[in-house]
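Next comes upload33.txt, a file with compact mmCIF, C-alpha atoms.
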```
# COMPACT_ATOMS: atom_id res chain seq x y z
CA MET A 157 0.00 0.00 0.00
CA SER A 158 1.05 3.58 -0.56
CA LYS A 159 2.48 5.34 2.50
CA SER A 160 3.31 8.94 3.24
CA SER A 161 5.90 9.90 5.83
CA VAL A 162 4.81 12.48 8.36
CA THR A 163 7.03 14.36 10.78
CA LYS A 164 5.20 15.14 13.96
CA ALA A 165 5.66 18.54 15.55
CA PRO A 166 4.12 20.21 18.59
CA PRO A 167 0.83 21.98 17.90
CA ASN A 168 1.50 25.32 16.26
CA LYS A 169 -1.80 27.00 15.74
CA ALA A 170 -2.09 30.28 13.93
CA PRO A 171 -5.19 32.48 14.21
CA ALA A 172 -7.94 31.18 11.99
CA ALA A 173 -8.62 34.54 10.37
CA LYS A 174 -5.99 37.23 10.01
CA GLY A 175 -6.23 40.77 8.76
CA PRO A 176 -5.40 41.90 5.22
CA ALA A 177 -2.26 40.33 3.83
CA THR A 178 0.77 42.56 3.30
CA ALA A 179 2.46 40.48 0.59
CA SER A 180 2.52 41.84 -2.93
CA TYR A 181 1.81 38.49 -4.64
CA GLU A 182 3.67 39.44 -7.80
CA ARG A 183 4.32 35.84 -8.81
CA ILE A 184 1.15 33.78 -9.27
CA ALA A 185 0.88 30.09 -10.12
CA PHE A 186 -2.48 29.08 -11.60
CA VAL A 187 -3.96 25.58 -11.47
CA ALA A 188 -7.29 24.66 -13.06
CA SER A 189 -9.73 21.79 -13.34
CA PRO A 190 -10.08 20.22 -16.81
CA ILE A 191 -13.60 21.53 -17.46
CA PRO A 192 -13.89 24.12 -20.29
CA GLU A 193 -15.00 26.96 -18.01
CA ALA A 194 -11.91 26.59 -15.82
CA GLN A 195 -9.55 26.12 -18.77
CA GLN A 196 -10.87 29.27 -20.46
CA ALA A 197 -10.31 31.23 -17.24
CA LEU A 198 -6.80 29.78 -17.01
CA GLN A 199 -5.95 31.06 -20.49
CA ARG A 200 -7.29 34.56 -19.76
CA LEU A 201 -5.55 34.87 -16.39
CA THR A 202 -2.16 33.52 -17.44
CA LYS A 203 -2.15 35.84 -20.44
CA ARG A 204 -2.86 38.78 -18.14
CA TYR A 205 -0.80 37.93 -15.05
CA GLY A 206 1.74 35.39 -16.28
CA GLN A 207 2.34 31.88 -14.94
CA ALA A 208 4.92 31.33 -12.21
CA SER A 209 6.39 28.00 -11.23
CA PRO A 210 4.68 26.51 -8.13
CA ASP A 211 8.12 26.28 -6.48
CA ASP A 212 8.84 29.97 -7.09
CA THR A 213 5.39 31.48 -6.66
CA ASP A 214 4.07 33.84 -3.98
CA VAL A 215 0.57 32.36 -4.16
CA ILE A 216 -1.33 29.52 -5.83
CA VAL A 217 -4.65 30.40 -7.48
CA ALA A 218 -6.98 27.44 -8.06
CA LEU A 219 -9.69 27.70 -10.74
CA GLY A 220 -12.56 25.24 -10.42
CA GLY A 221 -14.85 23.88 -7.73
CA ASP A 222 -14.39 22.38 -4.29
CA GLY A 223 -13.03 19.14 -5.75
CA LEU A 224 -10.20 21.02 -7.43
CA MET A 225 -9.55 22.96 -4.22
CA LEU A 226 -9.21 19.72 -2.24
CA GLN A 227 -6.77 18.37 -4.84
CA THR A 228 -4.77 21.60 -4.63
CA LEU A 229 -4.67 21.50 -0.82
CA HIS A 230 -3.32 17.96 -0.93
CA LYS A 231 -0.79 18.64 -3.66
CA PHE A 232 0.69 21.74 -2.02
CA MET A 233 0.16 21.06 1.69
CA HIS A 234 3.94 20.83 2.29
CA ALA A 235 4.81 23.79 0.03
CA GLY A 236 4.04 26.58 2.52
CA LYS A 237 2.26 28.62 -0.18
CA PRO A 238 -1.07 30.42 0.41
CA ILE A 239 -3.92 29.15 -1.77
CA TYR A 240 -6.67 31.34 -3.24
CA GLY A 241 -9.57 29.74 -5.09
CA MET A 242 -11.88 31.23 -7.72
CA HIS A 243 -15.14 29.48 -8.57
CA ARG A 244 -15.11 27.94 -12.04
CA GLY A 245 -16.77 24.63 -11.20
CA THR A 246 -19.90 23.10 -9.68
CA VAL A 247 -19.76 23.48 -5.90
CA GLY A 248 -17.80 26.53 -4.74
CA PHE A 249 -18.07 26.62 -0.96
CA LEU A 250 -14.28 26.86 -0.62
CA MET A 251 -13.89 29.32 -3.50
CA ASN A 252 -14.08 33.08 -4.03
CA GLU A 253 -16.12 34.68 -6.79
CA TYR A 254 -14.47 34.73 -10.19
CA HIS A 255 -13.31 38.04 -11.69
CA ASP A 256 -10.54 38.72 -14.21
CA ASN A 257 -9.76 42.20 -12.94
CA GLU A 258 -7.49 43.43 -10.14
CA LEU A 259 -6.43 39.98 -9.01
CA ARG A 260 -3.26 41.16 -7.26
CA GLU A 261 -5.26 43.79 -5.38
CA ARG A 262 -7.77 41.15 -4.29
CA LEU A 263 -4.97 38.88 -3.12
CA ALA A 264 -3.36 41.69 -1.10
CA ALA A 265 -6.70 42.47 0.61
CA ALA A 266 -7.64 38.84 1.26
CA ARG A 267 -7.99 37.38 4.74
CA THR A 268 -6.10 34.27 5.76
CA THR A 269 -7.65 31.14 7.23
CA VAL A 270 -5.24 28.50 8.55
CA ILE A 271 -6.45 24.90 8.41
CA HIS A 272 -4.91 21.61 9.59
CA PRO A 273 -5.63 18.22 8.00
CA LEU A 274 -6.47 14.97 9.72
CA LEU A 275 -3.98 12.11 9.58
CA MET A 276 -5.44 8.63 9.06
CA CYS A 277 -3.45 5.47 9.74
CA ALA A 278 -5.40 2.41 8.57
CA CYS A 279 -4.40 -1.21 9.19
CA ASP A 280 -5.77 -4.22 7.30
CA ALA A 281 -6.06 -7.93 8.13
CA ASP A 282 -2.56 -8.65 6.76
CA GLY A 283 -1.00 -6.17 9.17
CA GLU A 284 -0.24 -3.68 6.38
CA SER A 285 -0.75 -0.02 7.21
CA ALA A 286 -1.31 3.09 5.08
CA GLU A 287 -1.30 6.76 6.02
CA PHE A 288 -3.24 9.52 4.28
CA HIS A 289 -4.25 13.09 5.07
CA ALA A 290 -7.76 14.54 4.90
CA PHE A 291 -8.73 18.22 4.89
CA ASN A 292 -12.46 17.39 5.03
CA ASP A 293 -12.97 14.11 6.86
CA VAL A 294 -11.99 10.53 7.46
CA HIS A 295 -14.89 8.10 7.26
CA LEU A 296 -15.38 4.38 7.68
CA PHE A 297 -18.21 2.74 5.71
CA ARG A 298 -19.53 -0.79 5.33
CA GLN A 299 -18.46 -2.58 2.13
CA THR A 300 -21.40 -5.01 1.91
CA TYR A 301 -25.11 -5.15 2.63
CA GLN A 302 -24.39 -6.00 6.29
CA ALA A 303 -24.13 -3.24 8.87
CA ALA A 304 -20.71 -2.41 10.24
CA ARG A 305 -19.88 -3.13 13.89
CA LEU A 306 -17.36 -0.64 15.26
CA ARG A 307 -15.64 -0.03 18.61
CA ILE A 308 -14.58 3.56 19.33
CA LEU A 309 -11.78 4.65 21.64
CA ILE A 310 -10.75 8.24 22.42
CA ASP A 311 -7.22 8.79 23.76
CA GLY A 312 -6.97 5.09 24.49
CA LYS A 313 -10.19 4.90 26.51
CA GLU A 314 -13.18 2.96 25.23
CA ARG A 315 -16.09 5.36 24.73
CA LEU A 316 -18.41 3.21 22.64
CA PRO A 317 -18.07 -0.59 22.87
CA GLU A 318 -20.22 -1.14 19.79
CA LEU A 319 -21.66 1.10 17.10
CA VAL A 320 -23.87 -0.71 14.60
CA GLY A 321 -24.72 1.13 11.40
CA ASP A 322 -23.34 2.20 8.04
CA GLY A 323 -20.20 3.69 9.58
CA VAL A 324 -18.68 6.70 11.31
CA LEU A 325 -16.72 9.79 10.32
CA VAL A 326 -14.35 12.30 11.90
CA SER A 327 -14.48 15.81 10.43
CA THR A 328 -12.35 18.95 10.58
CA PRO A 329 -14.06 22.34 11.03
CA ALA A 330 -13.46 23.04 7.32
CA GLY A 331 -15.10 19.73 6.40
CA SER A 332 -17.98 19.98 8.85
CA THR A 333 -20.28 21.42 6.16
CA ALA A 334 -19.58 18.55 3.74
CA TYR A 335 -20.29 14.82 4.34
CA ASN A 336 -20.49 15.49 8.08
CA LEU A 337 -23.43 17.86 7.61
CA SER A 338 -25.30 15.43 5.35
CA ALA A 339 -24.87 12.80 8.08
CA GLN A 340 -26.58 15.19 10.55
CA GLY A 341 -23.29 16.15 12.19
CA PRO A 342 -22.65 19.57 13.79
CA ILE A 343 -21.29 22.57 11.91
CA ILE A 344 -18.05 23.71 13.58
CA PRO A 345 -16.75 27.31 13.43
CA ILE A 346 -13.52 27.36 11.48
CA ASN A 347 -11.47 28.76 14.39
CA ALA A 348 -12.76 26.21 16.93
CA SER A 349 -10.19 23.71 18.22
CA LEU A 350 -12.62 20.84 17.67
CA MET A 351 -13.32 17.77 15.56
CA ALA A 352 -16.72 16.18 14.95
CA LEU A 353 -17.25 12.45 15.41
CA THR A 354 -20.51 11.58 13.64
CA PRO A 355 -22.22 8.21 13.13
CA ILE A 356 -23.46 7.36 9.63
CA SER A 357 -27.00 5.90 9.70
CA PRO A 358 -26.63 4.42 13.21
CA PHE A 359 -28.86 1.51 14.22
CA ARG A 360 -27.43 0.89 17.70
CA PRO A 361 -27.20 2.78 19.95
CA ARG A 362 -30.16 4.63 18.48
CA ARG A 363 -29.73 7.77 20.55
CA PHE A 364 -26.06 8.24 19.72
CA ARG A 365 -25.79 11.49 17.77
CA GLY A 366 -22.02 11.77 17.81
CA ALA A 367 -19.57 13.86 19.81
CA LEU A 368 -17.48 17.02 19.62
CA LEU A 369 -13.85 16.27 20.45
CA PRO A 370 -10.85 18.52 21.13
CA ASP A 371 -8.58 18.65 18.10
CA THR A 372 -5.80 17.11 20.19
CA ALA A 373 -7.81 13.89 20.65
CA GLN A 374 -6.62 10.58 19.20
CA VAL A 375 -9.51 8.57 17.79
CA ARG A 376 -9.25 4.84 17.24
CA VAL A 377 -11.94 2.86 15.45
CA GLU A 378 -11.74 -0.93 15.58
CA VAL A 379 -13.78 -3.08 13.23
CA LEU A 380 -15.61 -5.95 14.91
CA GLU A 381 -16.10 -9.02 12.70
CA PRO A 382 -13.96 -7.57 9.88
CA GLU A 383 -14.16 -10.72 7.74
CA LYS A 384 -17.92 -11.07 7.99
CA ARG A 385 -18.64 -7.32 7.92
CA PRO A 386 -15.83 -5.66 5.91
CA VAL A 387 -15.32 -1.92 6.22
CA ALA A 388 -13.47 0.60 4.04
CA ALA A 389 -11.72 3.72 5.35
CA VAL A 390 -11.51 6.92 3.27
CA ALA A 391 -9.43 10.06 3.85
CA ASP A 392 -10.93 12.65 1.46
CA HIS A 393 -10.31 10.69 -1.79
CA ASP A 394 -7.83 8.02 -0.62
CA GLU A 395 -9.43 4.67 0.24
CA VAL A 396 -8.19 1.60 2.10
CA ARG A 397 -10.36 -1.53 1.86
CA ALA A 398 -11.01 -4.22 4.46
CA VAL A 399 -9.53 -2.37 7.42
CA CYS A 400 -9.28 -3.82 10.91
CA SER A 401 -8.45 -0.60 12.76
CA VAL A 402 -8.11 3.09 11.93
CA ASP A 403 -6.31 5.76 13.98
CA ILE A 404 -7.27 9.39 13.35
CA GLN A 405 -5.78 12.59 14.71
CA MET A 406 -5.31 16.18 13.57
CA ASP A 407 -1.85 16.83 12.14
CA HIS A 408 -0.82 20.21 13.57
CA SER A 409 2.57 19.97 11.89
CA ILE A 410 0.82 20.98 8.65
CA ALA A 411 -0.73 24.46 8.56
CA THR A 412 -2.18 25.45 5.17
CA GLN A 413 -3.15 29.05 4.46
CA MET A 414 -6.32 29.68 2.46
CA LEU A 415 -7.12 33.21 1.24
CA PHE A 416 -10.64 34.63 1.10
CA ASP A 417 -12.05 37.98 0.00
CA PRO A 418 -13.16 40.31 2.84
CA GLY A 419 -16.75 39.53 3.85
CA HIS A 420 -16.59 36.09 2.22
CA SER A 421 -14.20 34.33 4.59
CA LEU A 422 -14.58 30.64 5.36
CA ASP A 423 -15.58 31.35 8.96
CA GLU A 424 -18.34 33.67 7.70
CA ARG A 425 -19.61 31.02 5.28
CA ILE A 426 -19.65 28.35 7.96
CA LEU A 427 -21.51 30.71 10.30
CA ARG A 428 -24.10 31.40 7.59
CA GLU A 429 -24.60 27.66 7.04
CA GLN A 430 -25.71 27.34 10.67
CA PHE A 431 -28.60 29.70 9.91
CA GLY A 432 -29.54 27.84 6.73
CA TYR A 433 -28.68 30.37 4.02
```
Produce structure tokens that represent the structure in this file.
Amino acid sequence: MSKSSVTKAPPNKAPAAKGPATASYERIAFVASPIPEAQQALQRLTKRYGQASPDDTDVIVALGGDGLMLQTLHKFMHAGKPIYGMHRGTVGFLMNEYHDNELRERLAAARTTVIHPLLMCACDADGESAEFHAFNDVHLFRQTYQAARLRILIDGKERLPELVGDGVLVSTPAGSTAYNLSAQGPIIPINASLMALTPISPFRPRRFRGALLPDTAQVRVEVLEPEKRPVAAVADHDEVRAVCSVDIQMDHSIATQMLFDPGHSLDERILREQFGY
């Protein structure tokens, strides 16, 4: 299985939303989804502002939808470059509005949101392990028609001896409005030091609605009857099949900066979601 090496570091949290950036952002590296709308925007913007190398750039501008933004976050999470998205796709919750004009001025006025990904370590029946990061969520889901049976431990202490249902997920604040929300999980403010643990279609215990955990918590999910009731684990778009146990924690050694226009910051959008508009 594919593995990624991760160097642990003490938590180093930056404020979730900073004031206007002071950088000039002269060198811009554009990335775009393959859809025609994004490719046309890429041609217009590179002709107007040039195209810097991602290694040499001051900022990365992603053109597309939320899927493209997630790909960009994963690709450049170790680069230390701020990322600014413009909506040229389907879903644009993580993106700013698209305009051709005054891009450098918009970048200089943008507010910074710092996000940390989850780290998933999944082990299978053969004792093989795989590590992946997730900026939205890590979820475990049954692979067959039979319900999954899961045991949940938090910081080494058993909190739920058996969860029977379709599965369970752990979400970051940034991902709390995605799969977590559709599973009836809580929306978390972007600057809250929390993670959401949310059951997916739970059958037993019926009154278990999930839990809010500190973002320093270490979550372990063990699969009961893994051969009879196989379970897959997914970190954003990376999947491991037939897992026996999955360890999940927030990786504070990675701090990715996302840029948002004033009045359209990620914390503002998440707050608006809580009021249903």
List every residue of segment 363-410 of chain A that has an atom at most 9 Å from any atom of segment 271-285 of chain A, giving for each one its closest atom pair and the distance in Å to one decimal, counting all atoms listed in the file, sorted by chain and then by ascending residue number, as a Markdown table.
```
| residue | atom | partner | partner_atom | distance |
| --- | --- | --- | --- | --- |
| A:Pro382 | CA | A:Ala281 | CA | 8.1 |
| A:Glu383 | CA | A:Ala281 | CA | 8.6 |
| A:Ala389 | CA | A:Ala278 | CA | 7.2 |
| A:Val390 | CA | A:Met276 | CA | 8.6 |
| A:Ala391 | CA | A:Met276 | CA | 6.7 |
| A:Val396 | CA | A:Ala278 | CA | 7.1 |
| A:Arg397 | CA | A:Asp280 | CA | 7.6 |
| A:Ala398 | CA | A:Asp280 | CA | 6.0 |
| A:Val399 | CA | A:Asp280 | CA | 4.2 |
| A:Cys400 | CA | A:Asp280 | CA | 5.1 |
| A:Ser401 | CA | A:Cys279 | CA | 5.4 |
| A:Val402 | CA | A:Ala278 | CA | 4.4 |
| A:Asp403 | CA | A:Cys277 | CA | 5.1 |
| A:Ile404 | CA | A:Met276 | CA | 4.7 |
| A:Gln405 | CA | A:Leu275 | CA | 5.5 |
| A:Met406 | CA | A:Leu274 | CA | 4.2 |
| A:Asp407 | CA | A:Leu274 | CA | 5.5 |
| A:His408 | CA | A:His272 | CA | 5.9 |
| A:Ser409 | CA | A:His272 | CA | 8.0 |
| A:Ile410 | CA | A:His272 | CA | 5.8 |
```
Could you check which residues have any atom within 9 Å of (-15.5, 5.8, 5.9), counting only C-alpha atoms with coordinates taken straight from the file, and then list them as a CSV table (one decimal) with C-alpha atoms, in the coordinates of the input?
```
chain,number,residue,atom,x,y,z
A,293,ASP,CA,-13.0,14.1,6.9
A,294,VAL,CA,-12.0,10.5,7.5
A,295,HIS,CA,-14.9,8.1,7.3
A,296,LEU,CA,-15.4,4.4,7.7
A,297,PHE,CA,-18.2,2.7,5.7
A,298,ARG,CA,-19.5,-0.8,5.3
A,322,ASP,CA,-23.3,2.2,8.0
A,323,GLY,CA,-20.2,3.7,9.6
A,324,VAL,CA,-18.7,6.7,11.3
A,325,LEU,CA,-16.7,9.8,10.3
A,326,VAL,CA,-14.4,12.3,11.9
A,356,ILE,CA,-23.5,7.4,9.6
A,387,VAL,CA,-15.3,-1.9,6.2
A,388,ALA,CA,-13.5,0.6,4.0
A,389,ALA,CA,-11.7,3.7,5.4
A,390,VAL,CA,-11.5,6.9,3.3
A,391,ALA,CA,-9.4,10.1,3.8
A,395,GLU,CA,-9.4,4.7,0.2
```
Q) Which neighbours of Arg425 of chain A fall inside 12 Å, counting all atoms listed in the file, when residues of the same chain fewer than 6 positions from it are skipped, and could you give them as a count of residues only? A) 20
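In this comparison, which uses only C-alpha atoms, the residue of A:Gly245, A:Pro358, A:Gly321, A:Gly206 approaching Met225 of chain A most closely is A:Gly245.
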Q: Name the residues in contact with Ser180 of chain A at a cut-off of 9 Å, using only C-alpha atoms, excluding same-chain residues fewer than 3 positions from it; report them as a count of residues only.
A: 7
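Closest to Asn257 of chain A among A:Lys384, A:Arg376, A:Arg200, A:Ala352 is A:Arg200, based on only C-alpha atoms.
Distance annotation: of A:Phe186, A:Asn292, A:Gly221, A:Glu381, the residue with the minimal separation from Ala334 of chain A is A:Asn292; atom set is only C-alpha atoms.
In this comparison, which uses only C-alpha atoms, the residue of A:Thr202, A:Ser357, A:Gln195, A:Thr372 approaching Ala303 of chain A most closely is A:Ser357.
If you measure from each of A:Phe291, A:Ala266, A:Gln299, A:Asp311 to His230 of chain A using all atoms listed in the file, the closest one turns out to be A:Phe291.
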